[in-house]
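K.L.:
Data file run-v1.txt (compact mmCIF, C-alpha atoms) is appended below.
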```txt
# COMPACT_ATOMS: atom_id res chain seq x y z
CA MET A 289 0.00 0.00 0.00
CA CYS A 290 1.27 3.45 -0.83
CA VAL A 291 1.75 5.96 1.92
CA HIS A 292 -0.65 8.92 1.86
CA ALA A 293 2.12 11.37 0.94
CA CYS A 294 2.71 9.61 -2.35
CA ALA A 295 -0.83 10.30 -3.49
CA ARG A 296 -0.04 14.00 -3.50
CA VAL A 297 2.93 13.68 -5.84
CA VAL A 298 2.17 15.10 -9.27
CA PHE A 299 4.03 14.97 -12.56
CA SER A 300 6.62 12.74 -11.05
CA ILE A 301 8.34 9.54 -10.46
CA PHE A 302 9.54 9.88 -6.90
CA VAL A 303 12.26 7.52 -5.85
CA VAL A 304 13.86 7.67 -2.44
CA VAL A 305 16.78 5.32 -2.22
CA LEU A 306 18.85 5.14 0.89
CA LEU A 307 22.18 3.69 -0.06
CA GLY A 308 25.26 3.10 1.96
CA ALA A 309 28.29 1.16 0.87
CA HIS A 310 32.04 1.44 1.09
CA ALA A 311 34.14 -1.14 -0.75
CA LEU A 312 31.60 -3.97 -0.73
CA PRO A 313 32.78 -7.59 -0.69
CA LEU A 314 31.61 -9.87 -3.46
CA GLY A 315 28.03 -10.95 -2.84
CA HIS A 316 27.06 -8.02 -0.63
CA THR A 317 24.44 -5.50 -1.67
CA PRO A 318 24.24 -1.79 -0.93
CA CYS A 319 22.26 -0.70 2.07
CA LEU A 320 18.71 0.12 0.91
CA GLY A 321 16.69 1.59 3.73
CA ALA A 322 13.58 2.71 1.85
CA LEU A 323 12.24 2.90 -1.69
CA TYR A 324 9.11 4.67 -2.87
CA VAL A 325 8.07 5.08 -6.50
CA CYS A 326 5.20 7.45 -7.27
CA THR A 327 4.19 8.23 -10.85
CA SER A 328 1.90 10.69 -12.53
CA HIS A 329 1.85 11.00 -16.30
CA THR A 330 0.54 13.68 -18.51
CA LYS A 331 -1.40 12.34 -21.47
CA LYS A 332 0.97 11.54 -24.30
CA PRO A 333 0.64 14.36 -26.84
CA ARG A 334 -0.47 13.59 -30.36
CA GLY A 335 2.35 13.36 -32.86
CA SER A 336 5.98 13.59 -31.95
CA VAL A 337 6.87 14.84 -28.48
CA PHE A 338 9.48 17.01 -30.14
CA ASN A 339 6.72 19.05 -31.77
CA GLN A 340 5.19 19.94 -28.41
CA ARG A 341 6.08 23.13 -26.55
CA ALA A 342 5.31 21.35 -23.30
CA ALA A 343 3.08 18.42 -22.43
CA VAL A 344 1.45 20.59 -19.76
CA PRO A 345 2.02 24.35 -19.64
CA PRO A 346 3.52 25.99 -16.56
CA ASP A 347 1.48 28.36 -14.49
CA ALA A 348 2.32 32.02 -13.93
CA ALA A 349 4.77 31.18 -11.15
CA GLY A 350 6.69 28.79 -13.35
CA ALA A 351 5.47 25.66 -11.57
CA ALA A 352 3.78 22.80 -13.40
CA VAL A 353 -0.02 22.68 -13.37
CA PRO A 354 -1.13 19.57 -11.42
CA ALA A 355 -2.29 16.60 -13.46
CA PRO A 356 -5.73 15.13 -12.75
CA HIS A 357 -4.42 11.57 -12.49
CA SER A 358 -1.71 10.24 -10.23
CA SER A 359 -0.79 6.83 -8.92
CA CYS A 360 1.61 5.31 -6.48
CA GLN A 361 2.92 1.80 -6.02
CA ALA A 362 5.13 0.12 -3.47
CA THR A 363 8.09 -1.82 -4.83
CA GLY A 364 8.27 -4.47 -2.14
CA GLU A 365 10.62 -5.02 0.76
CA VAL A 366 14.25 -3.96 0.58
CA PRO A 367 17.03 -4.63 3.08
CA SER A 368 17.07 -2.21 5.99
CA CYS A 369 20.21 -0.35 6.96
CA THR A 370 18.86 1.43 10.04
CA GLU A 371 20.78 -1.00 12.24
CA ARG A 372 24.00 0.23 10.66
CA TYR A 373 23.25 3.94 10.56
CA GLY A 374 20.27 4.54 12.85
CA ASN A 375 17.00 6.32 12.11
CA PHE A 376 17.53 8.60 9.12
CA ARG A 377 14.63 10.84 10.03
CA ASP A 378 16.43 11.77 13.25
CA MET A 379 19.48 12.89 11.28
CA LYS A 380 20.12 16.49 10.33
CA LEU A 381 22.62 17.53 7.71
CA PRO A 382 25.16 19.70 9.56
CA MET A 383 25.98 23.23 8.51
CA MET A 384 28.92 23.09 6.14
CA PRO A 385 31.28 25.74 4.79
CA ARG A 386 30.88 26.61 1.13
CA MET A 387 32.61 24.28 -1.28
CA THR A 388 35.87 25.71 -2.62
CA ILE A 389 35.09 26.07 -6.31
CA LEU A 390 38.06 26.41 -8.65
CA PRO A 391 38.28 29.53 -10.87
CA GLN A 392 36.75 29.44 -14.35
CA ALA A 393 40.04 30.21 -16.09
CA HIS A 394 41.71 27.25 -14.40
CA LEU A 395 38.85 24.94 -15.35
CA ASP A 396 38.94 26.09 -18.97
CA ASN A 397 42.64 25.26 -19.15
CA THR A 398 42.31 21.94 -17.34
CA PHE A 399 39.42 20.61 -19.39
CA GLN A 400 41.47 20.60 -22.58
CA THR A 401 41.76 16.85 -22.14
CA LYS A 402 42.98 13.86 -24.12
CA TRP A 403 42.53 10.08 -23.99
CA THR A 404 45.46 7.66 -23.73
CA PHE A 405 45.60 3.91 -23.11
CA ALA A 406 46.45 2.92 -19.54
CA GLU A 407 49.55 0.79 -19.08
CA LYS A 408 48.02 -0.90 -16.04
CA SER A 409 44.53 -1.50 -14.74
CA LEU A 410 42.75 1.38 -13.05
CA PRO A 411 41.68 0.88 -9.43
CA VAL A 412 38.19 -0.61 -9.23
CA GLU A 413 37.06 2.29 -7.05
CA SER A 414 38.16 4.88 -9.62
CA LEU A 415 35.98 6.71 -12.08
CA GLY A 416 36.75 5.51 -15.59
CA SER A 417 37.35 1.90 -14.55
CA PRO A 418 35.58 -0.66 -16.79
CA SER A 419 35.47 -2.96 -13.76
CA ARG A 420 32.53 -0.87 -12.53
CA TYR A 421 30.52 -2.01 -15.56
CA ALA A 422 28.90 -5.29 -16.64
CA GLY A 423 31.25 -5.71 -19.60
CA CYS A 424 33.06 -3.99 -22.45
CA ASP A 425 29.94 -3.59 -24.57
CA PHE A 426 28.22 -1.81 -21.68
CA TYR A 427 31.25 0.48 -21.37
CA TYR A 428 32.21 1.14 -25.00
CA GLY A 429 28.91 0.58 -26.84
CA PRO A 430 27.24 0.88 -29.24
CA PRO A 431 23.70 0.43 -27.85
CA GLN A 432 22.72 -2.30 -30.34
CA SER A 433 25.59 -4.50 -29.12
CA LEU A 434 23.70 -5.18 -25.87
CA GLN A 435 20.78 -7.05 -27.42
CA LYS A 436 22.68 -10.33 -27.06
CA TYR A 437 22.70 -10.07 -23.26
CA PRO A 438 19.93 -11.48 -21.03
CA PHE A 439 17.19 -9.03 -20.12
CA GLN A 440 17.95 -9.38 -16.41
CA ILE A 441 21.44 -7.92 -16.95
CA ARG A 442 20.11 -5.07 -19.09
CA ARG A 443 17.45 -4.43 -16.44
CA THR A 444 19.93 -3.96 -13.57
CA PRO A 445 23.38 -3.70 -15.20
CA HIS A 446 24.91 -1.90 -12.19
CA ALA A 447 23.96 -4.65 -9.71
CA ILE A 448 26.91 -6.18 -7.88
CA ARG A 449 26.23 -9.66 -9.22
CA PHE A 450 26.88 -8.34 -12.74
CA ILE A 451 29.80 -5.97 -12.14
CA ARG A 452 31.98 -7.81 -9.64
CA HIS A 453 32.94 -11.19 -10.96
CA GLU A 454 36.43 -12.24 -11.97
CA ASN A 455 37.89 -11.64 -15.44
CA LYS A 456 34.71 -10.25 -16.97
CA ASN A 457 36.75 -7.42 -18.45
CA GLU A 458 39.99 -9.26 -19.07
CA ASN A 459 40.03 -8.11 -22.71
CA CYS A 460 38.60 -4.65 -22.01
CA THR A 461 41.16 -1.90 -22.57
CA GLU A 462 41.35 0.92 -20.07
CA GLN A 463 42.06 4.56 -20.82
CA LEU A 464 43.43 7.50 -18.89
CA LEU A 465 41.86 10.94 -18.88
CA SER A 466 44.60 13.57 -18.77
CA SER A 467 44.89 17.31 -19.22
CA GLN A 468 47.27 19.02 -21.60
CA ASN A 469 47.65 21.97 -19.19
CA THR A 470 47.20 20.47 -15.70
CA PRO A 471 49.47 17.43 -15.18
CA LYS A 472 47.84 16.42 -11.88
CA TYR A 473 44.40 16.06 -13.49
CA GLY A 474 43.14 12.48 -13.88
CA TRP A 475 40.51 10.00 -12.80
CA ILE A 476 39.25 10.75 -9.28
CA SER A 477 39.08 8.05 -6.63
CA LYS A 478 35.93 7.24 -4.72
CA GLY A 479 37.61 8.15 -1.44
CA LYS A 480 38.44 11.67 -2.60
CA ALA A 481 34.95 12.14 -4.01
CA GLU A 482 33.38 11.02 -0.73
CA LYS A 483 35.56 13.44 1.21
CA CYS A 484 34.42 16.27 -1.07
CA VAL A 485 30.67 15.62 -1.01
CA GLU A 486 30.31 14.37 2.57
CA ALA A 487 27.25 15.90 4.25
CA ARG A 488 26.44 17.79 1.03
CA TRP A 489 23.27 18.08 -1.04
CA ILE A 490 24.00 17.85 -4.77
CA ALA A 491 21.08 18.69 -7.07
CA VAL A 492 21.02 17.59 -10.73
CA TYR A 493 18.58 19.62 -12.84
CA GLY A 494 18.26 18.85 -16.54
CA ASP A 495 17.23 16.49 -19.32
CA SER A 496 18.08 12.88 -20.16
CA THR A 497 21.80 13.66 -20.25
CA SER A 498 21.42 14.74 -16.62
CA ARG A 499 19.50 11.56 -15.83
CA ILE A 500 22.52 9.57 -17.01
CA LEU A 501 24.88 11.78 -14.98
CA PHE A 502 22.72 11.38 -11.86
CA SER A 503 22.87 7.61 -12.24
CA ALA A 504 26.65 7.67 -12.62
CA PHE A 505 27.02 9.87 -9.54
CA LEU A 506 24.78 7.63 -7.45
CA ASP A 507 26.46 4.42 -8.61
CA PHE A 508 29.96 5.81 -8.00
CA LEU A 509 29.23 6.87 -4.43
CA SER A 510 27.06 3.90 -3.43
CA GLY A 511 29.04 1.11 -5.08
CA ALA A 512 26.15 -0.38 -7.04
CA ILE A 513 22.55 0.16 -8.10
CA GLU A 514 20.39 -2.88 -7.41
CA VAL A 515 17.02 -1.28 -8.17
CA ALA A 516 15.57 -1.55 -11.69
CA GLY A 517 13.55 1.63 -11.12
CA MET A 518 16.69 3.76 -11.10
CA PRO A 519 18.21 5.06 -14.36
CA THR A 520 21.37 3.52 -15.80
CA HIS A 521 24.52 5.22 -17.08
CA ASP A 522 25.96 2.61 -19.43
CA PHE A 523 24.79 1.80 -22.96
CA THR A 524 21.54 0.29 -21.64
CA TYR A 525 20.28 3.86 -21.08
CA LEU A 526 18.63 3.94 -24.52
CA LYS A 527 16.01 1.33 -23.63
CA HIS A 528 16.09 1.61 -19.86
CA ASN A 529 13.76 4.61 -19.61
CA HIS A 530 10.98 2.12 -20.40
CA ILE A 531 11.98 0.44 -17.13
CA ASP A 532 12.86 3.40 -14.91
CA ASN A 533 9.98 5.39 -16.45
CA CYS A 534 11.94 8.63 -16.46
CA TRP A 535 11.27 10.50 -19.67
CA SER A 536 9.51 13.55 -21.08
CA TRP A 537 5.91 12.76 -20.09
CA SER A 538 6.64 11.27 -16.68
CA HIS A 539 8.13 14.49 -15.27
CA CYS A 540 10.26 12.32 -13.03
CA TYR A 541 12.26 13.42 -10.06
CA MET A 542 14.39 11.31 -7.79
CA ALA A 543 16.19 11.60 -4.50
CA ALA A 544 18.79 9.45 -2.80
CA PHE A 545 20.39 9.58 0.64
CA LEU A 546 23.73 7.87 1.18
CA PRO A 547 24.01 7.46 4.96
CA HIS A 548 27.65 6.37 5.03
CA ILE A 549 28.67 9.88 3.93
CA ARG A 550 25.40 11.69 4.82
CA THR A 551 25.08 12.91 1.23
CA VAL A 552 21.86 13.71 -0.61
CA LEU A 553 21.56 13.47 -4.41
CA THR A 554 18.46 14.74 -6.20
CA PHE A 555 17.43 14.80 -9.85
CA ASP A 556 14.71 16.82 -11.58
CA PHE A 557 13.87 16.20 -15.23
CA VAL A 558 13.38 19.43 -17.19
CA THR A 559 13.59 20.18 -20.92
CA ARG A 560 13.42 23.60 -22.62
CA VAL A 561 14.63 26.63 -20.72
CA ASP A 562 11.42 28.55 -21.49
CA SER A 563 9.47 25.88 -19.56
CA PHE A 564 11.88 25.48 -16.64
CA PRO A 565 10.01 25.41 -13.32
CA ASN A 566 11.12 27.78 -10.59
CA MET A 567 14.28 26.26 -9.14
CA SER A 568 13.66 27.34 -5.55
CA THR A 569 10.17 25.82 -5.58
CA THR A 570 11.52 22.69 -7.22
CA PHE A 571 14.10 22.10 -4.51
CA ALA A 572 11.79 23.09 -1.65
CA LYS A 573 9.78 19.88 -2.03
CA TYR A 574 12.73 17.82 -0.83
CA ARG A 575 12.38 19.42 2.61
CA ASP A 576 8.82 18.11 2.95
CA ARG A 577 9.13 15.84 5.98
CA ASP A 578 5.85 14.09 5.24
CA ARG A 579 6.64 13.29 1.65
CA PHE A 580 10.31 12.44 2.29
CA HIS A 581 9.64 10.84 5.63
CA ALA A 582 12.79 8.68 5.57
CA PHE A 583 15.09 11.60 4.77
CA PRO A 584 17.27 13.49 7.23
CA GLN A 585 16.39 17.13 7.77
CA LEU A 586 17.82 19.06 4.86
CA ARG A 587 19.27 22.53 4.80
CA GLU A 588 17.44 25.33 2.99
CA THR A 589 19.40 24.99 -0.26
CA PRO A 590 21.58 22.48 -2.09
CA ASP A 591 25.35 22.94 -1.89
CA LEU A 592 25.78 22.50 -5.64
CA VAL A 593 23.43 22.46 -8.64
CA LEU A 594 24.40 20.74 -11.90
CA LEU A 595 22.32 22.36 -14.66
CA ASN A 596 22.10 20.79 -18.12
CA ASN A 597 20.21 22.24 -21.09
CA GLY A 598 20.58 22.06 -24.85
CA PRO A 599 19.15 19.22 -26.94
CA TRP A 600 15.50 20.11 -26.31
CA GLU A 601 16.10 23.59 -27.68
CA TYR A 602 16.64 21.94 -31.09
CA TYR A 603 14.14 19.06 -30.98
CA GLY A 604 11.39 19.51 -33.51
CA SER A 605 13.48 22.09 -35.40
CA ARG A 606 12.32 24.64 -32.84
CA TRP A 607 15.54 26.58 -32.41
CA GLU A 608 14.45 30.18 -31.92
CA GLY A 609 17.78 31.85 -32.49
CA ASP A 610 20.85 32.86 -30.51
CA ALA A 611 19.39 36.14 -29.22
CA THR A 612 16.26 34.48 -27.82
CA TYR A 613 18.26 31.77 -26.10
CA LEU A 614 20.69 34.25 -24.56
CA LYS A 615 17.82 36.35 -23.24
CA THR A 616 15.78 33.45 -21.86
CA MET A 617 18.63 31.60 -20.18
CA SER A 618 20.10 34.79 -18.74
CA ALA A 619 16.73 35.77 -17.28
CA PHE A 620 16.38 32.34 -15.68
CA LEU A 621 19.86 32.51 -14.16
CA GLU A 622 19.27 36.04 -12.89
CA GLN A 623 16.27 34.75 -10.93
CA VAL A 624 18.32 31.81 -9.65
CA ALA A 625 21.00 34.20 -8.38
CA LYS A 626 18.51 36.53 -6.69
CA ASP A 627 16.69 33.60 -5.08
CA LYS A 628 20.02 32.37 -3.67
CA VAL A 629 19.14 28.88 -4.84
CA ALA A 630 22.58 27.43 -4.10
CA PRO A 631 26.14 28.54 -3.27
CA ALA A 632 27.35 27.06 -6.57
CA ILE A 633 25.76 26.43 -9.99
CA PHE A 634 27.58 24.45 -12.68
CA ILE A 635 26.30 24.75 -16.24
CA MET A 636 27.17 21.37 -17.71
CA GLY A 637 28.61 21.50 -21.19
CA ASN A 638 26.78 19.17 -23.58
CA THR A 639 28.02 16.16 -25.49
CA ALA A 640 27.29 15.03 -29.05
CA CYS A 641 28.22 11.95 -31.02
CA PRO A 642 30.49 12.77 -33.99
CA GLU A 643 29.76 9.35 -35.51
CA ARG A 644 26.26 10.55 -36.39
CA GLU A 645 26.86 12.92 -39.28
CA ARG A 646 23.23 13.24 -40.36
CA ASN A 647 20.75 15.51 -38.61
CA CYS A 648 19.73 14.61 -35.09
CA VAL A 649 16.29 13.19 -34.41
CA ALA A 650 13.52 15.71 -35.06
CA SER A 651 16.08 18.38 -35.87
CA ASN A 652 17.38 20.05 -39.02
CA VAL A 653 21.05 20.21 -37.94
CA SER A 654 23.65 17.72 -36.79
CA CYS A 655 24.10 16.97 -33.11
CA VAL A 656 27.65 18.32 -33.11
CA HIS A 657 26.62 21.59 -34.77
CA ALA A 658 23.67 22.09 -32.40
CA MET A 659 25.62 21.47 -29.21
CA SER A 660 28.64 23.47 -30.40
CA ASN A 661 26.35 26.46 -30.81
CA ILE A 662 24.66 25.89 -27.43
CA ASP A 663 28.01 25.56 -25.70
CA ARG A 664 29.30 28.77 -27.28
CA LEU A 665 26.24 30.61 -25.98
CA GLN A 666 26.44 29.03 -22.54
CA LYS A 667 30.07 30.11 -22.19
CA GLN A 668 29.00 33.65 -23.03
CA ILE A 669 26.12 33.47 -20.56
CA THR A 670 28.43 32.19 -17.81
CA ASN A 671 30.95 34.98 -18.40
CA GLU A 672 28.26 37.65 -18.44
CA ASN A 673 26.52 36.42 -15.27
CA ALA A 674 29.45 35.33 -13.09
CA LEU A 675 29.72 38.71 -11.34
CA LEU A 676 25.99 38.75 -10.65
CA PHE A 677 26.29 35.43 -8.83
CA GLU A 678 29.27 36.69 -6.86
CA ARG A 679 27.26 39.69 -5.69
CA TRP A 680 24.66 37.24 -4.36
CA HIS A 681 27.42 35.18 -2.70
CA SER A 682 27.30 32.32 -5.17
CA SER A 683 29.54 30.84 -7.89
CA LEU A 684 28.59 30.21 -11.51
CA ARG A 685 30.83 27.95 -13.58
CA TYR A 686 30.75 26.40 -17.04
CA ILE A 687 31.97 22.77 -17.24
CA ASP A 688 33.33 22.28 -20.75
CA SER A 689 32.92 18.71 -22.01
CA SER A 690 33.65 19.29 -25.71
CA ALA A 691 37.14 17.75 -25.69
CA LEU A 692 35.79 14.46 -24.34
CA SER A 693 34.24 13.54 -27.68
CA SER A 694 36.53 15.37 -30.09
CA PRO A 695 37.97 12.93 -30.80
CA LEU A 696 36.11 10.03 -29.20
CA PRO A 697 38.13 7.60 -27.08
CA ALA A 698 39.42 4.60 -29.05
CA GLN A 699 36.87 1.74 -29.22
CA TYR A 700 34.00 3.99 -28.05
CA HIS A 701 30.99 3.87 -30.38
CA CYS A 702 27.95 6.08 -29.83
CA GLY A 703 26.24 5.91 -33.23
CA GLY A 704 22.78 4.54 -33.83
CA GLU A 705 20.60 6.78 -31.66
CA THR A 706 19.74 10.45 -31.15
CA GLY A 707 23.40 11.39 -30.85
CA TYR A 708 23.26 13.58 -27.72
CA HIS A 709 23.89 10.85 -25.16
CA LEU A 710 27.42 9.68 -24.45
CA PRO A 711 27.10 7.30 -21.50
CA ALA A 712 29.54 5.13 -19.56
CA MET A 713 33.13 6.25 -20.15
CA ILE A 714 32.33 9.81 -21.28
CA THR A 715 29.68 10.32 -18.60
CA ASP A 716 32.30 9.17 -16.07
CA ALA A 717 34.57 11.89 -17.47
CA ARG A 718 31.85 14.56 -17.18
CA LEU A 719 31.36 13.56 -13.55
CA ASN A 720 35.13 13.66 -13.09
CA HIS A 721 35.08 17.27 -14.34
CA VAL A 722 32.39 18.15 -11.79
CA LEU A 723 34.27 16.60 -8.90
CA TYR A 724 37.51 18.29 -9.90
CA ALA A 725 35.83 21.70 -10.15
CA ALA A 726 34.23 21.26 -6.71
CA CYS A 727 36.92 19.13 -5.04
CA GLY A 728 40.17 19.99 -6.80
CA SER A 729 41.46 21.82 -3.75
CA ILE A 730 41.05 18.67 -1.60
CA SER A 731 44.20 16.57 -1.35
```
Could the structure of this file be written out as structure tokens, please?
P.N.:
Amino acid sequence: MCVHACARVVFSIFVVVLLGAHALPLGHTPCLGALYVCTSHTKKPRGSVFNQRAAVPPDAAGAAVPAPHSSCQATGEVPSCTERYGNFRDMKLPMMPRMTILPQAHLDNTFQTKWTFAEKSLPVESLGSPSRYAGCDFYYGPPQSLQKYPFQIRRTPHAIRFIRHENKNENCTEQLLSSQNTPKYGWISKGKAEKCVEARWIAVYGDSTSRILFSAFLDFLSGAIEVAGMPTHDFTYLKHNHIDNCWSWSHCYMAAFLPHIRTVLTFDFVTRVDSFPNMSTTFAKYRDRDRFHAFPQLRETPDLVLLNNGPWEYYGSRWEGDATYLKTMSAFLEQVAKDKVAPAIFIMGNTACPERERNCVASNVSCVHAMSNIDRLQKQITNENALLFERWHSSLRYIDSSALSSPLPAQYHCGGETGYHLPAMITDARLNHVLYAACGSIS
């Protein structure tokens, strides 16, 4: 039976996953204290979704208009970890100093990266390690190569029983991520990441590329994802949204608490910037103690927001021009700064598959052309608004991901789908950029 709070959730898939795991021995599962999945769908629009301005229009305040139909289902029992960490509801995230965000100029220099083959295996607990994946095809792609694997693996590819058995990747090459200008830059270890985000609230706010990033972040910190209802970040992502039910009409949002480091991760699915809901209102729901009854008491704002926008501006050949985008995104960010939504906002640079030379789905330009233009504008927006955020005691940064796919790593194949999603290895690298920008000052 669903708890009463779930019945009030609209336009959402609400997942609360309490995960706690350090280096888990073979055969052990992450600590799952509670899991709730609530769904409410807007009616699928007629024709292509890419021809729709929005499935349901926002109201005057920028919040979504409630849908008339909602449903909630329990997912069954999951192992409890309250014995290990106590009652989560009694916890309170402590006050923390602001994260030490590295300067934009340093990040721009550092993220001129290159791929090289590793002479020895990467540590299993490191970002970029194929050992964290169910096999080479899951790590290098392309998506169609996974059809030969049993459905159960594709359903939960990040489960421990599929990622931690001997010699599964014995023929899987490993690659280093290095910077041409910052010699110390490389794959970040789990221990350093945990030290950086301990007792922090990290909010991911964006489209399907963000959904993949959220999954990678959660998997990296927790050690595994055993629940089919959570998104994936390998090459199963293309079909997995039919399982995790997180796509344009579901208006999904998710939240996870990792008790071993007292860290909260949240994800909100949004599309076009002109239909973005108010960010303060969006994040306020996570402090609802009735709805998130198994959560610790959160602070007023997240510590860091990862904002991703781009592909939906081009879907359906609806690009409205550079001037309109600059104006709309700048106005949104100005409100974010004035609302003091978070001490730090990272605009995540987009990715695009260079193997797909034809136009992207429902678009009249190639993926690479579209995202190159968006990234150029987002860099301009970041530069023009950085001082505004500083005046409101916040930091705005642009996380450039363009070098990660130009050229692609050897053996990586992303062709055969929309062309905006670069999961697994390249998503690991995008997450690595985030952690370096927020944690680079931590030894």
K.L.:
Against region 375-395 of chain A, which residues of region 626-651 of chain A fall within 12 Å? For each one I want the closest pair of atoms and the distance in Å (one decimal), counting all atoms listed in the file, rows by chain and increasing residue number, as JSON lines.
P.N.:
```
{"residue": "A:Ala630", "atom": "CA", "partner": "A:Arg386", "partner_atom": "CA", "distance": 9.8}
{"residue": "A:Pro631", "atom": "CA", "partner": "A:Arg386", "partner_atom": "CA", "distance": 6.7}
{"residue": "A:Ala632", "atom": "CA", "partner": "A:Ile389", "partner_atom": "CA", "distance": 7.8}
{"residue": "A:Ile633", "atom": "CA", "partner": "A:Ile389", "partner_atom": "CA", "distance": 10.0}
{"residue": "A:Phe634", "atom": "CA", "partner": "A:Ile389", "partner_atom": "CA", "distance": 10.0}
{"residue": "A:Ile635", "atom": "CA", "partner": "A:Gln392", "partner_atom": "CA", "distance": 11.6}
```
K.L.:
Could you check which of A:Leu710, A:Cys540, A:Ile531, A:Val561 is closest to Gln440 (chain A), using all atoms listed in the file?
P.N.:
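Checking each of A:Leu710, A:Cys540, A:Ile531, A:Val561 against Gln440 (chain A), counting all atoms listed in the file, the winner is A:Ile531.
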K.L.:
For region 394-403 of chain A, I'd like the enclosing box, axis-aligned and padded by 4 Å on every side, reported as JSON with centre and edge lengths in Å to one decimal.
P.N.:
```
{"center_x": 40.9, "center_y": 18.7, "center_z": -19.3, "size_x": 12.1, "size_y": 25.2, "size_z": 17.7}
```
K.L.:
Give me, as JSON lines, each residue of region 640-721 of chain A that comes within 12 Å of region 494-514 of chain A, together with its shortest interatomic pair and the distance in Å at one decimal, counting all atoms listed in the file, with rows ordered by chain and rising residue number.
P.N.:
```
{"residue": "A:Ala640", "atom": "CA", "partner": "A:Thr497", "partner_atom": "CA", "distance": 10.5}
{"residue": "A:Thr706", "atom": "CA", "partner": "A:Ser496", "partner_atom": "CA", "distance": 11.4}
{"residue": "A:Gly707", "atom": "CA", "partner": "A:Thr497", "partner_atom": "CA", "distance": 11.0}
{"residue": "A:Tyr708", "atom": "CA", "partner": "A:Thr497", "partner_atom": "CA", "distance": 7.6}
{"residue": "A:His709", "atom": "CA", "partner": "A:Thr497", "partner_atom": "CA", "distance": 6.0}
{"residue": "A:Leu710", "atom": "CA", "partner": "A:Thr497", "partner_atom": "CA", "distance": 8.1}
{"residue": "A:Pro711", "atom": "CA", "partner": "A:Ile500", "partner_atom": "CA", "distance": 6.8}
{"residue": "A:Ala712", "atom": "CA", "partner": "A:Ala504", "partner_atom": "CA", "distance": 7.9}
{"residue": "A:Met713", "atom": "CA", "partner": "A:Ala504", "partner_atom": "CA", "distance": 10.0}
{"residue": "A:Ile714", "atom": "CA", "partner": "A:Leu501", "partner_atom": "CA", "distance": 10.0}
{"residue": "A:Thr715", "atom": "CA", "partner": "A:Leu501", "partner_atom": "CA", "distance": 6.2}
{"residue": "A:Asp716", "atom": "CA", "partner": "A:Ala504", "partner_atom": "CA", "distance": 6.8}
{"residue": "A:Ala717", "atom": "CA", "partner": "A:Leu501", "partner_atom": "CA", "distance": 10.0}
{"residue": "A:Arg718", "atom": "CA", "partner": "A:Leu501", "partner_atom": "CA", "distance": 7.8}
{"residue": "A:Leu719", "atom": "CA", "partner": "A:Leu501", "partner_atom": "CA", "distance": 6.9}
{"residue": "A:Asn720", "atom": "CA", "partner": "A:Phe505", "partner_atom": "CA", "distance": 9.6}
{"residue": "A:His721", "atom": "CA", "partner": "A:Leu501", "partner_atom": "CA", "distance": 11.6}
```
K.L.:
Restricting the calculation to all atoms listed in the file: of A:Ser568, A:His530, A:Phe439, A:Leu692, which residue gets closest to Leu464 (chain A)?
P.N.:
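Result for the nearest residue to Leu464 (chain A): A:Leu692.
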K.L.:
Quick one: of A:Tyr613, A:Trp475, A:Tyr541, A:Phe450, who's nearest to Ala491 (chain A), counting all atoms listed in the file?
P.N.:
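Nearest candidate to Ala491 (chain A) out of A:Tyr613, A:Trp475, A:Tyr541, A:Phe450: A:Tyr541.
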K.L.:
Rank nothing, just name the residue among A:Tyr724, A:Cys702, A:Ser419, A:Asp688 nearest to Gly474 (chain A), using all atoms listed in the file.
P.N.:
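Of the candidates, the smallest distance to Gly474 (chain A) is held by A:Tyr724.
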K.L.:
Write out as number ranges by chain each polymer residue whose atoms come within 9 Å of Pro695 (chain A), counting all atoms listed in the file; drop sequence neighbours fewer than 2 positions from it.
P.N.:
A: 402-403, 642, 691-693, 697-698
K.L.:
I need every residue sitting at most 10 Å from the point (16.5, 0.2, -19.7) (coordinates as in the file, only C-alpha atoms considered), written as an mmCIF file with C-alpha atoms, in the frame of the given file.
P.N.:
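Everything below was put into selection_37.cif:
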```
data_model
loop_
_atom_site.group_PDB
_atom_site.id
_atom_site.type_symbol
_atom_site.label_atom_id
_atom_site.label_comp_id
_atom_site.auth_asym_id
_atom_site.auth_seq_id
_atom_site.Cartn_x
_atom_site.Cartn_y
_atom_site.Cartn_z
ATOM 1 C CA PHE A 439 17.190 -9.030 -20.120
ATOM 2 C CA ILE A 441 21.440 -7.920 -16.950
ATOM 3 C CA ARG A 442 20.110 -5.070 -19.090
ATOM 4 C CA ARG A 443 17.450 -4.430 -16.440
ATOM 5 C CA THR A 444 19.930 -3.960 -13.570
ATOM 6 C CA PRO A 445 23.380 -3.700 -15.200
ATOM 7 C CA ALA A 516 15.570 -1.550 -11.690
ATOM 8 C CA GLY A 517 13.550 1.630 -11.120
ATOM 9 C CA MET A 518 16.690 3.760 -11.100
ATOM 10 C CA PRO A 519 18.210 5.060 -14.360
ATOM 11 C CA THR A 520 21.370 3.520 -15.800
ATOM 12 C CA HIS A 521 24.520 5.220 -17.080
ATOM 13 C CA ASP A 522 25.960 2.610 -19.430
ATOM 14 C CA PHE A 523 24.790 1.800 -22.960
ATOM 15 C CA THR A 524 21.540 0.290 -21.640
ATOM 16 C CA TYR A 525 20.280 3.860 -21.080
ATOM 17 C CA LEU A 526 18.630 3.940 -24.520
ATOM 18 C CA LYS A 527 16.010 1.330 -23.630
ATOM 19 C CA HIS A 528 16.090 1.610 -19.860
ATOM 20 C CA ASN A 529 13.760 4.610 -19.610
ATOM 21 C CA HIS A 530 10.980 2.120 -20.400
ATOM 22 C CA ILE A 531 11.980 0.440 -17.130
ATOM 23 C CA ASP A 532 12.860 3.400 -14.910
ATOM 24 C CA ASN A 533 9.980 5.390 -16.450
#
```
